[in-house]
file coords-v9.txt (compact mmCIF, C-alpha atoms)
# COMPACT_ATOMS: atom_id res chain seq x y z
CA SER Z 1 174.60 98.79 -60.16
CA GLN Z 2 173.76 95.79 -58.01
CA GLN Z 3 175.81 95.12 -54.91
CA GLY Z 4 175.60 91.40 -55.39
CA GLU Z 5 173.64 88.37 -56.30
CA GLU Z 6 170.91 86.45 -54.61
CA ASP Z 7 170.12 82.84 -55.11
CA PRO Z 8 167.99 81.19 -55.98
CA GLN Z 9 166.38 83.63 -58.41
CA ALA Z 10 163.08 81.84 -57.85
CA LEU Z 11 161.90 79.39 -55.21
CA SER Z 12 158.66 77.41 -55.05
CA ILE Z 13 157.77 75.55 -51.87
CA GLN Z 14 154.77 74.02 -50.15
CA GLU Z 15 153.09 75.81 -47.30
CA GLY Z 16 154.66 74.76 -44.02
CA GLU Z 17 158.11 74.20 -45.50
CA ASN Z 18 161.11 76.40 -44.80
CA ALA Z 19 162.50 78.81 -47.39
CA THR Z 20 166.16 79.79 -47.53
CA MET Z 21 167.50 82.63 -49.65
CA ASN Z 22 171.14 83.59 -49.99
CA CYS Z 23 172.76 86.92 -50.70
CA SER Z 24 176.33 87.76 -51.63
CA TYR Z 25 177.83 91.23 -51.69
CA LYS Z 26 181.05 92.82 -52.82
CA THR Z 27 182.19 95.57 -50.48
CA SER Z 28 182.64 96.15 -46.76
CA ILE Z 29 179.40 97.04 -45.05
CA ASN Z 30 178.00 98.57 -41.87
CA ASN Z 31 174.87 96.46 -42.04
CA LEU Z 32 172.78 94.24 -44.28
CA GLN Z 33 169.03 94.48 -44.56
CA TRP Z 34 166.31 92.26 -45.97
CA TYR Z 35 163.16 93.59 -47.61
CA ARG Z 36 159.98 92.06 -48.99
CA GLN Z 37 158.07 93.36 -51.99
CA ASN Z 38 154.58 92.22 -52.88
CA SER Z 39 153.46 92.46 -56.50
CA GLY Z 40 155.94 95.15 -57.54
CA ARG Z 41 154.80 97.67 -54.96
CA GLY Z 42 156.63 99.38 -52.09
CA LEU Z 43 159.21 97.54 -50.05
CA VAL Z 44 158.72 96.45 -46.47
CA HIS Z 45 161.71 96.25 -44.15
CA LEU Z 46 162.04 92.82 -42.55
CA ILE Z 47 165.25 92.71 -40.57
CA LEU Z 48 168.62 94.43 -40.23
CA ILE Z 49 171.84 92.75 -39.14
CA ARG Z 50 174.95 94.71 -38.30
CA SER Z 51 178.41 93.76 -39.50
CA ASN Z 52 179.46 92.71 -35.99
CA GLU Z 53 176.49 90.35 -35.64
CA ARG Z 54 176.40 86.80 -36.95
CA GLU Z 55 172.77 85.83 -36.49
CA LYS Z 56 169.49 87.54 -35.81
CA HIS Z 57 165.93 86.37 -35.32
CA SER Z 58 162.58 88.06 -35.78
CA GLY Z 59 159.49 85.89 -35.48
CA ARG Z 60 159.71 83.25 -38.22
CA LEU Z 61 162.73 84.97 -39.79
CA ARG Z 62 166.34 84.04 -39.16
CA VAL Z 63 169.18 85.94 -40.77
CA THR Z 64 172.85 85.00 -40.74
CA LEU Z 65 175.79 87.10 -41.82
CA ASP Z 66 179.29 85.92 -42.71
CA THR Z 67 181.45 88.97 -43.36
CA SER Z 68 184.49 86.84 -44.23
CA LYS Z 69 182.54 85.33 -47.13
CA LYS Z 70 180.54 88.50 -47.78
CA SER Z 71 177.32 86.55 -47.66
CA SER Z 72 174.03 86.41 -45.82
CA SER Z 73 171.08 84.08 -45.69
CA LEU Z 74 167.41 84.59 -44.87
CA LEU Z 75 165.45 81.65 -43.53
CA ILE Z 76 161.66 81.78 -43.34
CA THR Z 77 160.33 78.94 -41.22
CA ALA Z 78 156.88 77.36 -41.48
CA SER Z 79 156.08 79.33 -44.61
CA ARG Z 80 152.59 80.56 -45.41
CA ALA Z 81 150.90 81.45 -48.68
CA ALA Z 82 151.03 85.09 -47.55
CA ASP Z 83 154.85 84.90 -47.64
CA THR Z 84 154.66 84.79 -51.43
CA ALA Z 85 156.65 87.84 -52.53
CA SER Z 86 160.04 88.97 -53.81
CA TYR Z 87 162.80 89.22 -51.22
CA PHE Z 88 165.79 91.53 -51.56
CA CYS Z 89 168.94 91.98 -49.55
CA ALA Z 90 170.42 95.45 -49.40
CA THR Z 91 173.71 96.75 -48.10
CA ASP Z 92 174.86 100.20 -47.19
CA ALA Z 93 177.96 101.70 -48.70
CA ARG Z 94 180.52 101.93 -45.92
CA ASP Z 95 180.97 105.63 -46.41
CA SER Z 96 178.98 108.69 -45.51
CA SER Z 97 176.52 108.41 -48.38
CA TYR Z 98 173.90 106.33 -46.49
CA LYS Z 99 172.71 104.88 -49.78
CA LEU Z 100 171.39 101.33 -50.00
CA ILE Z 101 172.42 99.02 -52.80
CA PHE Z 102 170.16 96.07 -53.56
CA GLY Z 103 170.80 92.50 -54.54
CA SER Z 104 169.11 90.86 -57.48
CA GLY Z 105 166.25 89.38 -55.45
CA THR Z 106 164.54 86.03 -54.95
CA ARG Z 107 160.95 85.41 -56.05
CA LEU Z 108 159.30 83.13 -53.50
CA LEU Z 109 156.09 81.23 -54.25
CA VAL Z 110 154.45 79.40 -51.37
CA ARG Z 111 151.86 76.95 -52.64
CA PRO Z 112 148.82 76.35 -50.39
CA SER L 113 159.67 105.24 -38.67
CA ALA L 114 158.68 107.76 -41.34
CA VAL L 115 155.59 107.49 -43.53
CA ILE L 116 155.88 108.41 -47.20
CA SER L 117 153.10 109.46 -49.54
CA GLN L 118 154.09 108.94 -53.18
CA LYS L 119 152.08 110.21 -56.13
CA PRO L 120 150.94 109.25 -58.69
CA SER L 121 150.64 105.53 -58.04
CA ARG L 122 150.59 104.82 -61.75
CA ASP L 123 150.47 106.61 -65.06
CA ILE L 124 150.46 105.89 -68.78
CA CYS L 125 152.36 108.54 -70.74
CA GLN L 126 153.11 109.31 -74.35
CA ARG L 127 156.70 109.10 -75.50
CA GLY L 128 158.45 112.45 -75.58
CA THR L 129 156.53 113.82 -72.60
CA SER L 130 157.65 114.23 -68.98
CA LEU L 131 156.21 113.00 -65.70
CA THR L 132 156.89 114.39 -62.25
CA ILE L 133 156.65 112.06 -59.27
CA GLN L 134 156.17 113.47 -55.80
CA CYS L 135 157.13 112.12 -52.40
CA GLN L 136 155.93 113.68 -49.17
CA VAL L 137 157.37 112.49 -45.85
CA ASP L 138 155.61 112.97 -42.52
CA SER L 139 158.82 114.01 -40.76
CA GLN L 140 161.96 115.93 -41.59
CA VAL L 141 164.67 113.81 -43.15
CA THR L 142 168.11 114.74 -44.34
CA MET L 143 168.43 112.43 -47.30
CA MET L 144 165.93 111.04 -49.76
CA PHE L 145 166.73 108.43 -52.34
CA TRP L 146 165.15 107.70 -55.72
CA TYR L 147 165.18 104.22 -57.21
CA ARG L 148 164.11 102.67 -60.50
CA GLN L 149 162.86 99.10 -60.76
CA GLN L 150 162.60 97.83 -64.32
CA PRO L 151 160.14 95.00 -65.00
CA GLY L 152 161.16 91.82 -63.21
CA GLN L 153 164.36 93.40 -61.91
CA SER L 154 165.78 94.66 -58.64
CA LEU L 155 166.02 98.25 -57.50
CA THR L 156 168.67 100.52 -58.98
CA LEU L 157 169.57 103.75 -57.22
CA ILE L 158 169.07 106.81 -59.43
CA ALA L 159 170.20 109.58 -57.09
CA THR L 160 170.42 110.89 -53.56
CA ALA L 161 168.57 114.13 -52.87
CA ASN L 162 169.74 116.41 -50.08
CA GLN L 163 167.91 119.56 -49.14
CA GLY L 164 169.69 122.68 -50.25
CA SER L 165 172.14 121.05 -52.62
CA GLU L 166 172.26 119.41 -56.02
CA ALA L 167 171.24 115.78 -56.14
CA THR L 168 174.02 113.21 -56.44
CA TYR L 169 173.44 110.91 -59.40
CA GLU L 170 174.63 107.34 -59.80
CA SER L 171 176.52 106.13 -62.82
CA GLY L 172 174.23 105.89 -65.82
CA PHE L 173 171.78 108.54 -64.64
CA VAL L 174 171.97 112.22 -65.56
CA ILE L 175 170.26 115.34 -64.34
CA ASP L 176 168.86 116.28 -67.75
CA LYS L 177 166.93 113.02 -67.90
CA PHE L 178 165.99 112.75 -64.21
CA PRO L 179 165.89 116.22 -62.66
CA ILE L 180 165.25 116.17 -58.93
CA SER L 181 164.02 118.87 -56.62
CA ARG L 182 164.34 118.93 -52.84
CA PRO L 183 162.84 122.23 -51.69
CA ASN L 184 162.56 121.27 -48.00
CA LEU L 185 163.21 118.44 -45.55
CA THR L 186 159.87 116.70 -46.13
CA PHE L 187 159.37 116.79 -49.90
CA SER L 188 161.07 115.77 -53.13
CA THR L 189 160.17 115.32 -56.77
CA LEU L 190 161.68 113.24 -59.54
CA THR L 191 160.92 114.10 -63.15
CA VAL L 192 161.33 111.56 -65.92
CA SER L 193 161.98 113.69 -68.99
CA ASN L 194 161.51 113.08 -72.69
CA MET L 195 160.22 109.61 -71.99
CA SER L 196 160.66 106.56 -74.16
CA PRO L 197 159.22 103.04 -73.71
CA GLU L 198 162.53 102.05 -72.06
CA ASP L 199 161.61 104.32 -69.14
CA SER L 200 158.64 102.08 -68.30
CA SER L 201 159.44 101.05 -64.73
CA ILE L 202 158.42 101.41 -61.14
CA TYR L 203 159.97 104.47 -59.50
CA LEU L 204 160.31 104.53 -55.71
CA CYS L 205 161.46 107.09 -53.21
CA SER L 206 163.02 106.16 -49.90
CA VAL L 207 164.24 107.71 -46.67
CA GLY L 208 166.43 106.37 -43.92
CA ASP L 209 169.94 106.13 -42.60
CA THR L 210 172.25 103.27 -41.84
CA LEU L 211 172.44 104.18 -38.18
CA SER L 212 168.78 103.28 -37.69
CA LEU L 213 167.74 99.83 -36.55
CA HIS L 214 164.45 100.19 -38.39
CA GLY L 215 165.73 100.07 -41.93
CA TYR L 216 164.67 102.37 -44.68
CA THR L 217 161.11 103.39 -45.53
CA PHE L 218 159.87 103.26 -49.09
CA GLY L 219 157.04 104.96 -50.88
CA SER L 220 154.45 102.72 -52.49
CA GLY L 221 155.95 103.30 -55.91
CA THR L 222 154.88 104.86 -59.20
CA ARG L 223 154.23 102.39 -62.01
CA LEU L 224 155.05 104.21 -65.23
CA THR L 225 154.14 102.91 -68.66
CA VAL L 226 155.36 104.83 -71.71
CA VAL L 227 153.54 104.18 -74.97
call {"tool": "encode", "arguments": {"input": "coords-v9.txt", "output": "structure tokens"}}
result
Amino acid sequence: SQQGEEDPQALSIQEGENATMNCSYKTSINNLQWYRQNSGRGLVHLILIRSNEREKHSGRLRVTLDTSKKSSSLLITASRAADTASYFCATDARDSSYKLIFGSGTRLLVRP
Amino acid sequence: SAVISQKPSRDICQRGTSLTIQCQVDSQVTMMFWYRQQPGQSLTLIATANQGSEATYESGFVIDKFPISRPNLTFSTLTVSNMSPEDSSIYLCSVGDTLSLHGYTFGSGTRLTVV
């Protein structure tokens, strides 16, 4: 089952614009992770934010986490055509299972 | 972080047959995870595979349909049994733990089409 929802389901922007994707989840977590998937292939880990962190940066990526609202956002600044992909948030189950549960995903299209 | 080799990358199978997917990791890992991604959908966890014990299946997935082997700390297989067109999906294996700052590593996926 999905941990939560992401919105928007699809996003189309012009190259150079910023893209913001939101993720909501249902249970308490240790951390939240964001992944990118190109053309239905393997996933690439982008960034991990722990439950005691509120914001994290990595290059053009900025992630925020609000545990009181059980939500996170991923901001991609100065987008490029190569950023076109599906983006998923994933949360761990706060138990000893170590399993990751994924959100529904956002399909991002960056137009040249 | 670990590197995973997943095979086959794709296959087209007849209904009623079975397909075994292999994942080889370049380092020893305690837990491996198997996911299914139906067309246009997100990833759904099938089961967690620990070496030396039975796999733990998620709700909606059963061992008879998706038997898993985990003979050692670097290898696992997932079999999709008695396939039907509804099994057409991408299947991915993954390794990692929530204590790592590097996230989880995923295989490149197996795109299965059942005809």
call {"tool": "residues_around", "arguments": {"input": "coords-v9.txt", "residues": "Z:Thr106", "least_positions_apart": "4", "cutoff": "7 Å", "atoms": "only C-alpha atoms", "output": "PyMOL selection string"}}
result
chain Z and resi 6-10+21+86-88
call {"tool": "interface_residues", "arguments": {"input": "coords-v9.txt", "of": "chain L", "to": "chain Z", "cutoff": "7 Å", "atoms": "only C-alpha atoms", "output": "MDAnalysis selection string"}}
result
chainID L and resid 153:156 209:210 213 215:216 218:221
call {"tool": "residues_around", "arguments": {"input": "coords-v9.txt", "residues": "L:Tyr203", "least_positions_apart": "2", "cutoff": "7 Å", "atoms": "all atoms listed in the file", "output": "VMD selection string"}}
result
chain L and resid 147 to 149 201 205 221 to 223
call {"tool": "axis_aligned_box", "arguments": {"input": "coords-v9.txt", "around": "stretch 21-29 of chain Z", "padding_each_side": "4 Å", "output": "JSON"}}
result
{"center_x": 175.1, "center_y": 89.8, "center_z": -48.9, "size_x": 23.1, "size_y": 22.4, "size_z": 15.8}
call {"tool": "atom_distance", "arguments": {"input": "coords-v9.txt", "atom1": "atom CA of L:Ile133", "atom2": "atom CA of L:Val227"}}
result
17.8 Å
call {"tool": "atom_distance", "arguments": {"input": "coords-v9.txt", "atom1": "atom CA of L:Ser196", "atom2": "atom CA of L:Ser130"}}
result
9.7 Å
call {"tool": "closest_residue", "arguments": {"input": "coords-v9.txt", "among": "Z:Thr77, Z:Gln14, Z:Asn22, Z:Asn38", "to": "Z:His57", "atoms": "all atoms listed in the file"}}
result
Z:Thr77
call {"tool": "atom_distance", "arguments": {"input": "coords-v9.txt", "atom1": "atom CA of L:Val174", "atom2": "atom CA of L:Cys135"}}
result
19.8 Å
call {"tool": "residues_around", "arguments": {"input": "coords-v9.txt", "residues": "Z:Thr84", "least_positions_apart": "6", "cutoff": "6 Å", "atoms": "all atoms listed in the file", "output": "PyMOL selection string"}}
result
chain Z and resi 108-110
call {"tool": "residues_around", "arguments": {"input": "coords-v9.txt", "residues": "L:Phe173", "least_positions_apart": "2", "cutoff": "12 Å", "atoms": "all atoms listed in the file", "output": "PyMOL selection string"}}
result
(chain Z and resi 1) or (chain L and resi 146-148+156-160+167-171+175-180+192-193+199)
call {"tool": "write_last_selection", "arguments": {"input": "coords-v9.txt", "atoms": "C-alpha atoms", "output": "short mmCIF file (atom, residue, chain, number, x, y, z; two decimals), in the frame of the given file"}}
result
data_model
loop_
_atom_site.label_atom_id
_atom_site.label_comp_id
_atom_site.auth_asym_id
_atom_site.auth_seq_id
_atom_site.Cartn_x
_atom_site.Cartn_y
_atom_site.Cartn_z
CA SER Z 1 174.60 98.79 -60.16
CA TRP L 146 165.15 107.70 -55.72
CA TYR L 147 165.18 104.22 -57.21
CA ARG L 148 164.11 102.67 -60.50
CA THR L 156 168.67 100.52 -58.98
CA LEU L 157 169.57 103.75 -57.22
CA ILE L 158 169.07 106.81 -59.43
CA ALA L 159 170.20 109.58 -57.09
CA THR L 160 170.42 110.89 -53.56
CA ALA L 167 171.24 115.78 -56.14
CA THR L 168 174.02 113.21 -56.44
CA TYR L 169 173.44 110.91 -59.40
CA GLU L 170 174.63 107.34 -59.80
CA SER L 171 176.52 106.13 -62.82
CA ILE L 175 170.26 115.34 -64.34
CA ASP L 176 168.86 116.28 -67.75
CA LYS L 177 166.93 113.02 -67.90
CA PHE L 178 165.99 112.75 -64.21
CA PRO L 179 165.89 116.22 -62.66
CA ILE L 180 165.25 116.17 -58.93
CA VAL L 192 161.33 111.56 -65.92
CA SER L 193 161.98 113.69 -68.99
CA ASP L 199 161.61 104.32 -69.14
#
call {"tool": "residues_around", "arguments": {"input": "coords-v9.txt", "residues": "L:Ser165", "least_positions_apart": "6", "cutoff": "10 Å", "atoms": "only C-alpha atoms", "output": "PyMOL selection string"}}
result
chain L and resi 181-183
call {"tool": "closest_residue", "arguments": {"input": "coords-v9.txt", "among": "Z:Ala85, Z:Lys70, Z:Gly59, Z:Thr20", "to": "Z:Gly4", "atoms": "all atoms listed in the file"}}
result
Z:Lys70
